[in-house]
file target-v6.csv (CSV, N, CA and C atoms)
chain,number,residue,atom,x,y,z
H,1,VAL,N,0.8,-1.2,0.0
H,1,VAL,CA,0.0,0.0,0.0
H,1,VAL,C,0.9,1.2,0.0
H,2,GLN,N,0.5,2.2,-0.9
H,2,GLN,CA,1.2,3.5,-0.9
H,2,GLN,C,0.2,4.6,-0.7
H,3,LEU,N,0.5,5.5,0.1
H,3,LEU,CA,-0.3,6.7,0.4
H,3,LEU,C,0.4,8.0,0.1
H,4,GLN,N,-0.2,8.9,-0.6
H,4,GLN,CA,0.4,10.1,-1.0
H,4,GLN,C,-0.5,11.3,-0.7
H,5,ALA,N,-0.1,12.0,0.4
H,5,ALA,CA,-0.9,13.1,0.8
H,5,ALA,C,-0.5,14.4,0.1
H,6,SER,N,-1.5,15.3,-0.1
H,6,SER,CA,-1.2,16.6,-0.8
H,6,SER,C,-2.2,17.6,-0.3
H,7,GLY,N,-2.0,18.9,-0.6
H,7,GLY,CA,-3.0,19.9,-0.4
H,7,GLY,C,-2.6,20.8,0.8
H,8,GLY,N,-1.5,20.6,1.5
H,8,GLY,CA,-1.1,21.4,2.5
H,8,GLY,C,-0.6,22.8,2.0
H,9,GLY,N,-0.5,23.7,2.9
H,9,GLY,CA,0.0,25.1,2.5
H,9,GLY,C,-0.2,26.1,3.6
H,10,LEU,N,0.0,27.3,3.3
H,10,LEU,CA,-0.2,28.4,4.2
H,10,LEU,C,-1.6,29.1,4.0
H,11,VAL,N,-2.3,29.2,5.1
H,11,VAL,CA,-3.6,29.8,5.1
H,11,VAL,C,-3.7,30.7,6.3
H,12,GLN,N,-4.5,31.8,6.1
H,12,GLN,CA,-4.8,32.7,7.2
H,12,GLN,C,-5.8,32.0,8.2
H,13,SER,N,-5.7,32.5,9.4
H,13,SER,CA,-6.7,32.0,10.4
H,13,SER,C,-8.1,32.3,9.9
H,14,GLY,N,-9.0,31.3,10.1
H,14,GLY,CA,-10.3,31.4,9.5
H,14,GLY,C,-10.5,30.9,8.1
H,15,GLY,N,-9.4,30.6,7.5
H,15,GLY,CA,-9.5,30.1,6.1
H,15,GLY,C,-9.7,28.6,6.0
H,16,SER,N,-9.6,28.1,4.8
H,16,SER,CA,-9.9,26.7,4.5
H,16,SER,C,-8.8,26.1,3.7
H,17,LEU,N,-8.7,24.8,3.9
H,17,LEU,CA,-7.8,24.0,3.0
H,17,LEU,C,-8.4,22.6,2.8
H,18,ARG,N,-8.1,22.0,1.7
H,18,ARG,CA,-8.6,20.6,1.5
H,18,ARG,C,-7.4,19.7,1.2
H,19,LEU,N,-7.2,18.8,2.1
H,19,LEU,CA,-6.2,17.8,1.9
H,19,LEU,C,-6.7,16.6,1.2
H,20,SER,N,-5.8,16.0,0.4
H,20,SER,CA,-6.2,14.7,-0.3
H,20,SER,C,-5.1,13.7,-0.1
H,21,CYS,N,-5.5,12.5,-0.1
H,21,CYS,CA,-4.6,11.4,0.0
H,21,CYS,C,-4.9,10.3,-1.1
H,22,ALA,N,-4.0,10.0,-1.9
H,22,ALA,CA,-4.1,9.0,-2.9
H,22,ALA,C,-3.6,7.7,-2.5
H,23,PHE,N,-4.5,6.7,-2.6
H,23,PHE,CA,-4.2,5.3,-2.2
H,23,PHE,C,-3.9,4.4,-3.4
H,24,SER,N,-2.9,3.6,-3.3
H,24,SER,CA,-2.6,2.7,-4.3
H,24,SER,C,-2.0,1.4,-3.8
H,25,GLY,N,-2.1,0.3,-4.6
H,25,GLY,CA,-1.4,-0.9,-4.2
H,25,GLY,C,-2.3,-2.0,-3.8
H,26,ARG,N,-3.5,-1.7,-3.3
H,26,ARG,CA,-4.5,-2.7,-2.9
H,26,ARG,C,-5.9,-2.2,-3.2
H,27,THR,N,-6.9,-2.9,-2.8
H,27,THR,CA,-8.3,-2.5,-3.0
H,27,THR,C,-8.6,-1.5,-1.9
H,28,PHE,N,-8.8,-0.3,-2.3
H,28,PHE,CA,-9.0,0.8,-1.4
H,28,PHE,C,-10.2,0.6,-0.5
H,29,SER,N,-11.3,0.1,-1.1
H,29,SER,CA,-12.5,0.0,-0.3
H,29,SER,C,-12.5,-1.0,0.8
H,30,ASN,N,-11.4,-1.8,0.9
H,30,ASN,CA,-11.2,-2.7,2.0
H,30,ASN,C,-10.7,-2.1,3.3
H,31,TYR,N,-10.3,-0.8,3.2
H,31,TYR,CA,-9.5,-0.1,4.3
H,31,TYR,C,-10.3,1.0,4.9
H,32,ALA,N,-10.4,1.0,6.2
H,32,ALA,CA,-10.8,2.2,6.9
H,32,ALA,C,-9.6,3.2,6.9
H,33,MET,N,-9.9,4.5,6.8
H,33,MET,CA,-8.8,5.5,6.7
H,33,MET,C,-8.9,6.5,7.7
H,34,GLY,N,-7.7,7.1,8.0
H,34,GLY,CA,-7.7,8.2,9.0
H,34,GLY,C,-6.7,9.3,8.7
H,35,TRP,N,-6.9,10.4,9.3
H,35,TRP,CA,-6.0,11.5,9.3
H,35,TRP,C,-5.5,11.8,10.7
H,36,PHE,N,-4.2,12.0,10.7
H,36,PHE,CA,-3.5,12.4,12.0
H,36,PHE,C,-2.8,13.7,11.7
H,37,ARG,N,-2.3,14.3,12.8
H,37,ARG,CA,-1.5,15.5,12.7
H,37,ARG,C,-0.4,15.5,13.8
H,38,GLN,N,0.7,16.1,13.5
H,38,GLN,CA,1.8,16.1,14.4
H,38,GLN,C,2.6,17.4,14.4
H,39,ASP,N,2.8,18.0,15.6
H,39,ASP,CA,3.7,19.1,15.7
H,39,ASP,C,5.1,18.6,16.0
H,40,PRO,N,6.1,19.3,15.7
H,40,PRO,CA,7.5,18.9,16.0
H,40,PRO,C,7.6,18.6,17.5
H,41,GLY,N,8.2,17.5,17.8
H,41,GLY,CA,8.5,17.1,19.2
H,41,GLY,C,7.3,16.6,20.0
H,42,LYS,N,6.1,16.5,19.3
H,42,LYS,CA,4.9,16.0,20.0
H,42,LYS,C,4.5,14.7,19.3
H,43,GLU,N,3.5,14.1,20.0
H,43,GLU,CA,2.9,12.9,19.5
H,43,GLU,C,2.0,13.1,18.3
H,44,ARG,N,1.8,12.1,17.6
H,44,ARG,CA,0.9,12.2,16.4
H,44,ARG,C,-0.6,12.1,17.0
H,45,ASP,N,-1.4,13.1,16.7
H,45,ASP,CA,-2.7,13.2,17.2
H,45,ASP,C,-3.8,12.8,16.2
H,46,PHE,N,-4.8,12.1,16.6
H,46,PHE,CA,-5.9,11.7,15.8
H,46,PHE,C,-6.7,13.0,15.4
H,47,VAL,N,-7.1,13.0,14.1
H,47,VAL,CA,-7.9,14.1,13.6
H,47,VAL,C,-9.3,13.6,13.2
H,48,ALA,N,-9.3,12.6,12.3
H,48,ALA,CA,-10.6,12.1,11.8
H,48,ALA,C,-10.4,10.7,11.2
H,49,ALA,N,-11.5,9.9,11.0
H,49,ALA,CA,-11.4,8.6,10.4
H,49,ALA,C,-12.7,8.3,9.7
H,50,ILE,N,-12.6,7.4,8.7
H,50,ILE,CA,-13.8,7.1,8.0
H,50,ILE,C,-13.8,5.6,7.7
H,51,SER,N,-15.0,5.0,7.7
H,51,SER,CA,-15.1,3.6,7.5
H,51,SER,C,-14.9,3.3,6.0
H,52,TRP,N,-14.8,2.0,5.7
H,52,TRP,CA,-14.5,1.6,4.3
H,52,TRP,C,-15.5,2.0,3.3
H,53,ASN,N,-16.8,2.1,3.7
H,53,ASN,CA,-17.8,2.5,2.8
H,53,ASN,C,-18.3,3.9,3.0
H,54,ALA,N,-17.6,4.7,3.8
H,54,ALA,CA,-17.9,6.1,4.1
H,54,ALA,C,-19.2,6.2,4.9
H,55,GLY,N,-19.7,5.1,5.5
H,55,GLY,CA,-20.9,5.1,6.2
H,55,GLY,C,-20.8,5.7,7.6
H,56,MET,N,-19.6,5.8,8.1
H,56,MET,CA,-19.4,6.3,9.4
H,56,MET,C,-18.1,7.1,9.5
H,57,THR,N,-18.2,8.2,10.2
H,57,THR,CA,-17.0,9.1,10.4
H,57,THR,C,-16.8,9.4,11.9
H,58,LEU,N,-15.6,9.6,12.2
H,58,LEU,CA,-15.2,10.0,13.6
H,58,LEU,C,-14.3,11.2,13.6
H,59,TYR,N,-14.4,12.0,14.6
H,59,TYR,CA,-13.6,13.2,14.6
H,59,TYR,C,-13.1,13.4,16.0
H,60,ALA,N,-11.9,14.0,16.1
H,60,ALA,CA,-11.4,14.5,17.4
H,60,ALA,C,-12.3,15.7,17.8
H,61,ASP,N,-12.5,15.9,19.1
H,61,ASP,CA,-13.3,17.0,19.6
H,61,ASP,C,-12.8,18.3,19.1
H,62,SER,N,-11.5,18.5,18.9
H,62,SER,CA,-10.9,19.8,18.6
H,62,SER,C,-11.3,20.2,17.1
H,63,VAL,N,-11.7,19.3,16.3
H,63,VAL,CA,-12.0,19.6,14.9
H,63,VAL,C,-13.5,19.4,14.5
H,64,LYS,N,-14.3,18.9,15.4
H,64,LYS,CA,-15.7,18.6,15.1
H,64,LYS,C,-16.4,19.9,14.7
H,65,GLY,N,-17.2,19.8,13.6
H,65,GLY,CA,-17.9,21.0,13.1
H,65,GLY,C,-17.1,21.9,12.2
H,66,ARG,N,-15.8,21.6,12.1
H,66,ARG,CA,-14.9,22.4,11.3
H,66,ARG,C,-14.3,21.6,10.1
H,67,PHE,N,-14.0,20.4,10.4
H,67,PHE,CA,-13.3,19.5,9.5
H,67,PHE,C,-14.3,18.4,9.0
H,68,THR,N,-14.1,18.0,7.8
H,68,THR,CA,-15.0,16.9,7.2
H,68,THR,C,-14.1,15.9,6.5
H,69,ILE,N,-14.2,14.7,6.8
H,69,ILE,CA,-13.5,13.6,6.1
H,69,ILE,C,-14.4,13.0,5.2
H,70,SER,N,-13.9,12.6,4.0
H,70,SER,CA,-14.7,12.0,3.0
H,70,SER,C,-13.8,11.1,2.2
H,71,ARG,N,-14.4,10.2,1.4
H,71,ARG,CA,-13.6,9.3,0.5
H,71,ARG,C,-14.4,9.0,-0.8
H,72,ASP,N,-13.6,8.7,-1.8
H,72,ASP,CA,-14.2,8.4,-3.1
H,72,ASP,C,-13.5,7.1,-3.5
H,73,ASN,N,-14.3,6.0,-3.3
H,73,ASN,CA,-13.7,4.7,-3.5
H,73,ASN,C,-13.5,4.4,-5.0
H,74,ALA,N,-14.1,5.2,-5.9
H,74,ALA,CA,-13.9,5.0,-7.3
H,74,ALA,C,-12.6,5.7,-7.7
H,75,LYS,N,-12.2,6.7,-7.0
H,75,LYS,CA,-10.9,7.4,-7.3
H,75,LYS,C,-9.8,7.1,-6.3
H,76,ASN,N,-10.1,6.2,-5.3
H,76,ASN,CA,-9.0,5.8,-4.4
H,76,ASN,C,-8.5,6.9,-3.6
H,77,THR,N,-9.3,7.8,-3.2
H,77,THR,CA,-8.8,9.0,-2.5
H,77,THR,C,-9.6,9.2,-1.2
H,78,VAL,N,-9.0,9.7,-0.2
H,78,VAL,CA,-9.6,10.2,1.0
H,78,VAL,C,-9.2,11.7,1.2
H,79,ASN,N,-10.2,12.4,1.6
H,79,ASN,CA,-10.0,13.9,1.7
H,79,ASN,C,-10.3,14.4,3.1
H,80,LEU,N,-9.7,15.5,3.4
H,80,LEU,CA,-10.0,16.2,4.6
H,80,LEU,C,-10.3,17.7,4.3
H,81,GLN,N,-11.5,18.1,4.4
H,81,GLN,CA,-11.9,19.5,4.2
H,81,GLN,C,-11.8,20.2,5.6
H,82,MET,N,-10.9,21.2,5.6
H,82,MET,CA,-10.7,21.9,6.8
H,82,MET,C,-11.1,23.4,6.7
H,83,ASN,N,-12.1,23.7,7.5
H,83,ASN,CA,-12.7,25.1,7.5
H,83,ASN,C,-12.4,25.7,8.8
H,84,SER,N,-12.6,27.0,8.8
H,84,SER,CA,-12.4,27.8,10.1
H,84,SER,C,-11.1,27.5,10.8
H,85,LEU,N,-10.0,27.4,10.0
H,85,LEU,CA,-8.7,27.0,10.6
H,85,LEU,C,-8.2,28.0,11.6
H,86,LYS,N,-7.6,27.4,12.6
H,86,LYS,CA,-7.0,28.1,13.7
H,86,LYS,C,-5.5,27.9,13.7
H,87,PRO,N,-4.8,28.8,14.4
H,87,PRO,CA,-3.3,28.6,14.4
H,87,PRO,C,-2.9,27.3,15.1
H,88,GLU,N,-3.7,26.8,16.0
H,88,GLU,CA,-3.4,25.6,16.7
H,88,GLU,C,-3.7,24.3,15.8
H,89,ASP,N,-4.3,24.6,14.6
H,89,ASP,CA,-4.4,23.5,13.6
H,89,ASP,C,-3.1,23.2,12.8
H,90,ALA,N,-2.2,24.2,12.9
H,90,ALA,CA,-1.0,24.0,12.1
H,90,ALA,C,-0.2,22.8,12.6
H,91,ALA,N,0.2,22.0,11.6
H,91,ALA,CA,0.9,20.7,11.9
H,91,ALA,C,1.2,20.1,10.5
H,92,VAL,N,2.0,19.0,10.6
H,92,VAL,CA,2.1,18.1,9.5
H,92,VAL,C,0.9,17.1,9.6
H,93,TYR,N,0.2,17.0,8.5
H,93,TYR,CA,-1.0,16.1,8.5
H,93,TYR,C,-0.6,14.8,7.7
H,94,TYR,N,-1.0,13.7,8.3
H,94,TYR,CA,-0.7,12.4,7.7
H,94,TYR,C,-2.0,11.6,7.4
H,95,CYS,N,-2.1,11.0,6.3
H,95,CYS,CA,-3.2,10.0,6.1
H,95,CYS,C,-2.6,8.7,6.4
H,96,ALA,N,-3.6,7.8,6.8
H,96,ALA,CA,-3.2,6.5,7.2
H,96,ALA,C,-4.3,5.5,6.9
H,97,ALA,N,-3.9,4.2,6.8
H,97,ALA,CA,-4.8,3.1,6.5
H,97,ALA,C,-4.7,2.1,7.5
H,98,GLN,N,-5.9,1.6,8.0
H,98,GLN,CA,-5.9,0.5,9.0
H,98,GLN,C,-5.6,-0.8,8.2
H,99,PRO,N,-5.4,-1.9,8.9
H,99,PRO,CA,-5.3,-3.2,8.3
H,99,PRO,C,-6.7,-3.4,7.6
H,100,PRO,N,-6.7,-4.2,6.5
H,100,PRO,CA,-7.9,-4.4,5.7
H,100,PRO,C,-8.9,-5.2,6.5
H,101,TYR,N,-10.2,-5.1,6.1
H,101,TYR,CA,-11.3,-5.9,6.6
H,101,TYR,C,-11.5,-5.7,8.2
H,102,SER,N,-11.2,-4.6,8.7
H,102,SER,CA,-11.2,-4.4,10.1
H,102,SER,C,-12.7,-4.2,10.6
H,103,SER,N,-13.2,-5.1,11.3
H,103,SER,CA,-14.5,-5.0,11.8
H,103,SER,C,-14.6,-4.1,13.1
H,104,THR,N,-13.4,-3.8,13.6
H,104,THR,CA,-13.4,-3.0,14.9
H,104,THR,C,-12.7,-1.7,14.6
H,105,TRP,N,-12.8,-1.2,13.3
H,105,TRP,CA,-12.1,0.0,12.9
H,105,TRP,C,-12.4,1.2,13.8
H,106,SER,N,-13.6,1.3,14.2
H,106,SER,CA,-14.0,2.6,14.9
H,106,SER,C,-13.3,2.6,16.3
H,107,SER,N,-13.2,1.5,17.0
H,107,SER,CA,-12.5,1.5,18.3
H,107,SER,C,-11.0,1.7,18.1
H,108,ARG,N,-10.5,1.3,16.9
H,108,ARG,CA,-9.1,1.5,16.7
H,108,ARG,C,-8.7,2.9,16.2
H,109,ALA,N,-9.7,3.6,15.7
H,109,ALA,CA,-9.5,4.8,14.9
H,109,ALA,C,-8.6,5.8,15.6
H,110,PRO,N,-8.8,6.1,16.8
H,110,PRO,CA,-8.0,7.2,17.4
H,110,PRO,C,-6.5,6.9,17.7
H,111,TYR,N,-6.1,5.7,17.5
H,111,TYR,CA,-4.8,5.2,18.0
H,111,TYR,C,-3.9,5.0,16.8
H,112,SER,N,-2.8,5.8,16.7
H,112,SER,CA,-1.9,5.7,15.6
H,112,SER,C,-1.3,4.3,15.4
H,113,HIS,N,-1.0,3.6,16.5
H,113,HIS,CA,-0.4,2.3,16.3
H,113,HIS,C,-1.3,1.3,15.7
H,114,GLU,N,-2.6,1.6,15.6
H,114,GLU,CA,-3.6,0.7,14.9
H,114,GLU,C,-3.5,0.8,13.4
H,115,TYR,N,-2.8,1.7,12.9
H,115,TYR,CA,-2.8,1.9,11.4
H,115,TYR,C,-1.5,1.2,10.8
H,116,ALA,N,-1.8,0.6,9.7
H,116,ALA,CA,-0.7,-0.3,9.1
H,116,ALA,C,0.1,0.5,8.1
H,117,HIS,N,-0.5,1.5,7.5
H,117,HIS,CA,0.2,2.2,6.4
H,117,HIS,C,0.1,3.7,6.6
H,118,TRP,N,1.1,4.4,6.2
H,118,TRP,CA,1.2,5.9,6.4
H,118,TRP,C,1.7,6.6,5.2
H,119,GLY,N,1.1,7.8,4.9
H,119,GLY,CA,1.6,8.6,3.9
H,119,GLY,C,2.8,9.5,4.4
H,120,GLN,N,3.3,10.3,3.6
H,120,GLN,CA,4.5,11.0,3.9
H,120,GLN,C,4.2,12.3,4.7
H,121,GLY,N,3.0,12.8,4.7
H,121,GLY,CA,2.7,14.0,5.5
H,121,GLY,C,2.7,15.2,4.6
H,122,THR,N,1.8,16.1,4.9
H,122,THR,CA,1.7,17.4,4.2
H,122,THR,C,1.6,18.5,5.2
H,123,LEU,N,2.3,19.6,5.1
H,123,LEU,CA,2.4,20.6,6.1
H,123,LEU,C,1.3,21.7,5.9
H,124,VAL,N,0.6,21.9,7.0
H,124,VAL,CA,-0.4,23.0,7.1
H,124,VAL,C,0.1,24.1,8.0
H,125,THR,N,0.2,25.3,7.5
H,125,THR,CA,0.6,26.4,8.3
H,125,THR,C,-0.6,27.4,8.4
H,126,VAL,N,-0.9,27.9,9.6
H,126,VAL,CA,-2.0,28.8,9.7
H,126,VAL,C,-1.5,30.1,10.4
H,127,SER,N,-1.6,31.2,9.7
H,127,SER,CA,-1.1,32.4,10.2
H,127,SER,C,-2.2,33.1,11.0
H,128,SER,N,-1.9,33.8,12.1
H,128,SER,CA,-2.9,34.5,12.9
H,128,SER,C,-3.1,35.9,12.4
call {"tool": "encode", "arguments": {"input": "target-v6.csv", "output": "C-alpha cells"}}
result
Amino acid sequence: VQLQASGGGLVQSGGSLRLSCAFSGRTFSNYAMGWFRQDPGKERDFVAAISWNAGMTLYADSVKGRFTISRDNAKNTVNLQMNSLKPEDAAVYYCAAQPPYSSTWSSRAPYSHEYAHWGQGTLVTVSS
C-alpha cells in the first residue's frame, strides 16, 4: 500500500484547506482510513477517520464541526476538508490506512499504532 498526501500550505486564520490522500497498491474499499497531525516534538494526534464504505466518520473533539473527512472509492482517495482554521491546527498532516477488513475499525481509529500504512505527510501552516 502506498499513500500520497497533498494539499497542505499556508492559510490565514479562519481560512480553509482541502487535503487529499491518494491510495494505491491494494483495494482501497477494504480499508478504513484516518488523518492524523503532528507538531514537531509532539505525539501524532488523531484528527478524523472514515469507514471503508464512508458510512461512518469519527472526529477529534478539537475539529468537530470544522473538518470533514470523505472518501471516493472510485478514485481511491480520502479527503479532509478543513474550515475555520485556527493557528493551533498548524501541523504536518498524515493520512493512514488501517489493516484491511477491520470489523473494529472505529474502536481502533484514534490510535496511531492501529494503522498499518502511512503517507509522507503534508504541512499545514495557519497564520494568525
call {"tool": "select_by_dssp", "arguments": {"input": "target-v6.csv", "residues": "stretch 4-126 of chain H", "states": "strand (DSSP E or B)", "output": "ChimeraX atom specification"}}
result
/H:4-6,9-12,17-24,33-38,44-50,57-59,67-72,77-82,91-97,117-118,122-126
call {"tool": "residues_around", "arguments": {"input": "target-v6.csv", "residues": "H:Thr68", "least_positions_apart": "4", "cutoff": "8 Å", "atoms": "only N, CA and C atoms", "output": "ChimeraX atom specification"}}
result
/H:48-49,63-64,79-83
call {"tool": "atom_distance", "arguments": {"input": "target-v6.csv", "atom1": "atom N of H:Pro100", "atom2": "atom N of H:Arg66"}}
result
27.9 Å
call {"tool": "residues_near_point", "arguments": {"input": "target-v6.csv", "point": "(-2.0, 8.5, -1.5)", "cutoff": "10 Å", "atoms": "only C-alpha atoms", "output": "PyMOL selection string"}}
result
chain H and resi 1-6+20-25+76-78+95-96+118-120
call {"tool": "write_last_selection", "arguments": {"input": "target-v6.csv", "atoms": "N, CA and C atoms", "output": "short mmCIF file (atom, residue, chain, number, x, y, z; two decimals), in the coordinates of the input"}}
result
data_model
loop_
_atom_site.label_atom_id
_atom_site.label_comp_id
_atom_site.auth_asym_id
_atom_site.auth_seq_id
_atom_site.Cartn_x
_atom_site.Cartn_y
_atom_site.Cartn_z
N VAL H 1 0.80 -1.20 0.00
CA VAL H 1 0.00 0.00 0.00
C VAL H 1 0.90 1.20 0.00
N GLN H 2 0.50 2.20 -0.90
CA GLN H 2 1.20 3.50 -0.90
C GLN H 2 0.20 4.60 -0.70
N LEU H 3 0.50 5.50 0.10
CA LEU H 3 -0.30 6.70 0.40
C LEU H 3 0.40 8.00 0.10
N GLN H 4 -0.20 8.90 -0.60
CA GLN H 4 0.40 10.10 -1.00
C GLN H 4 -0.50 11.30 -0.70
N ALA H 5 -0.10 12.00 0.40
CA ALA H 5 -0.90 13.10 0.80
C ALA H 5 -0.50 14.40 0.10
N SER H 6 -1.50 15.30 -0.10
CA SER H 6 -1.20 16.60 -0.80
C SER H 6 -2.20 17.60 -0.30
N SER H 20 -5.80 16.00 0.40
CA SER H 20 -6.20 14.70 -0.30
C SER H 20 -5.10 13.70 -0.10
N CYS H 21 -5.50 12.50 -0.10
CA CYS H 21 -4.60 11.40 0.00
C CYS H 21 -4.90 10.30 -1.10
N ALA H 22 -4.00 10.00 -1.90
CA ALA H 22 -4.10 9.00 -2.90
C ALA H 22 -3.60 7.70 -2.50
N PHE H 23 -4.50 6.70 -2.60
CA PHE H 23 -4.20 5.30 -2.20
C PHE H 23 -3.90 4.40 -3.40
N SER H 24 -2.90 3.60 -3.30
CA SER H 24 -2.60 2.70 -4.30
C SER H 24 -2.00 1.40 -3.80
N GLY H 25 -2.10 0.30 -4.60
CA GLY H 25 -1.40 -0.90 -4.20
C GLY H 25 -2.30 -2.00 -3.80
N ASN H 76 -10.10 6.20 -5.30
CA ASN H 76 -9.00 5.80 -4.40
C ASN H 76 -8.50 6.90 -3.60
N THR H 77 -9.30 7.80 -3.20
CA THR H 77 -8.80 9.00 -2.50
C THR H 77 -9.60 9.20 -1.20
N VAL H 78 -9.00 9.70 -0.20
CA VAL H 78 -9.60 10.20 1.00
C VAL H 78 -9.20 11.70 1.20
N CYS H 95 -2.10 11.00 6.30
CA CYS H 95 -3.20 10.00 6.10
C CYS H 95 -2.60 8.70 6.40
N ALA H 96 -3.60 7.80 6.80
CA ALA H 96 -3.20 6.50 7.20
C ALA H 96 -4.30 5.50 6.90
N TRP H 118 1.10 4.40 6.20
CA TRP H 118 1.20 5.90 6.40
C TRP H 118 1.70 6.60 5.20
N GLY H 119 1.10 7.80 4.90
CA GLY H 119 1.60 8.60 3.90
C GLY H 119 2.80 9.50 4.40
N GLN H 120 3.30 10.30 3.60
CA GLN H 120 4.50 11.00 3.90
C GLN H 120 4.20 12.30 4.70
#
call {"tool": "atom_distance", "arguments": {"input": "target-v6.csv", "atom1": "atom CA of H:Gly7", "atom2": "atom CA of H:Tyr93"}}
result
9.9 Å
call {"tool": "atom_distance", "arguments": {"input": "target-v6.csv", "atom1": "atom CA of H:Ser51", "atom2": "atom CA of H:Tyr31"}}
result
7.4 Å
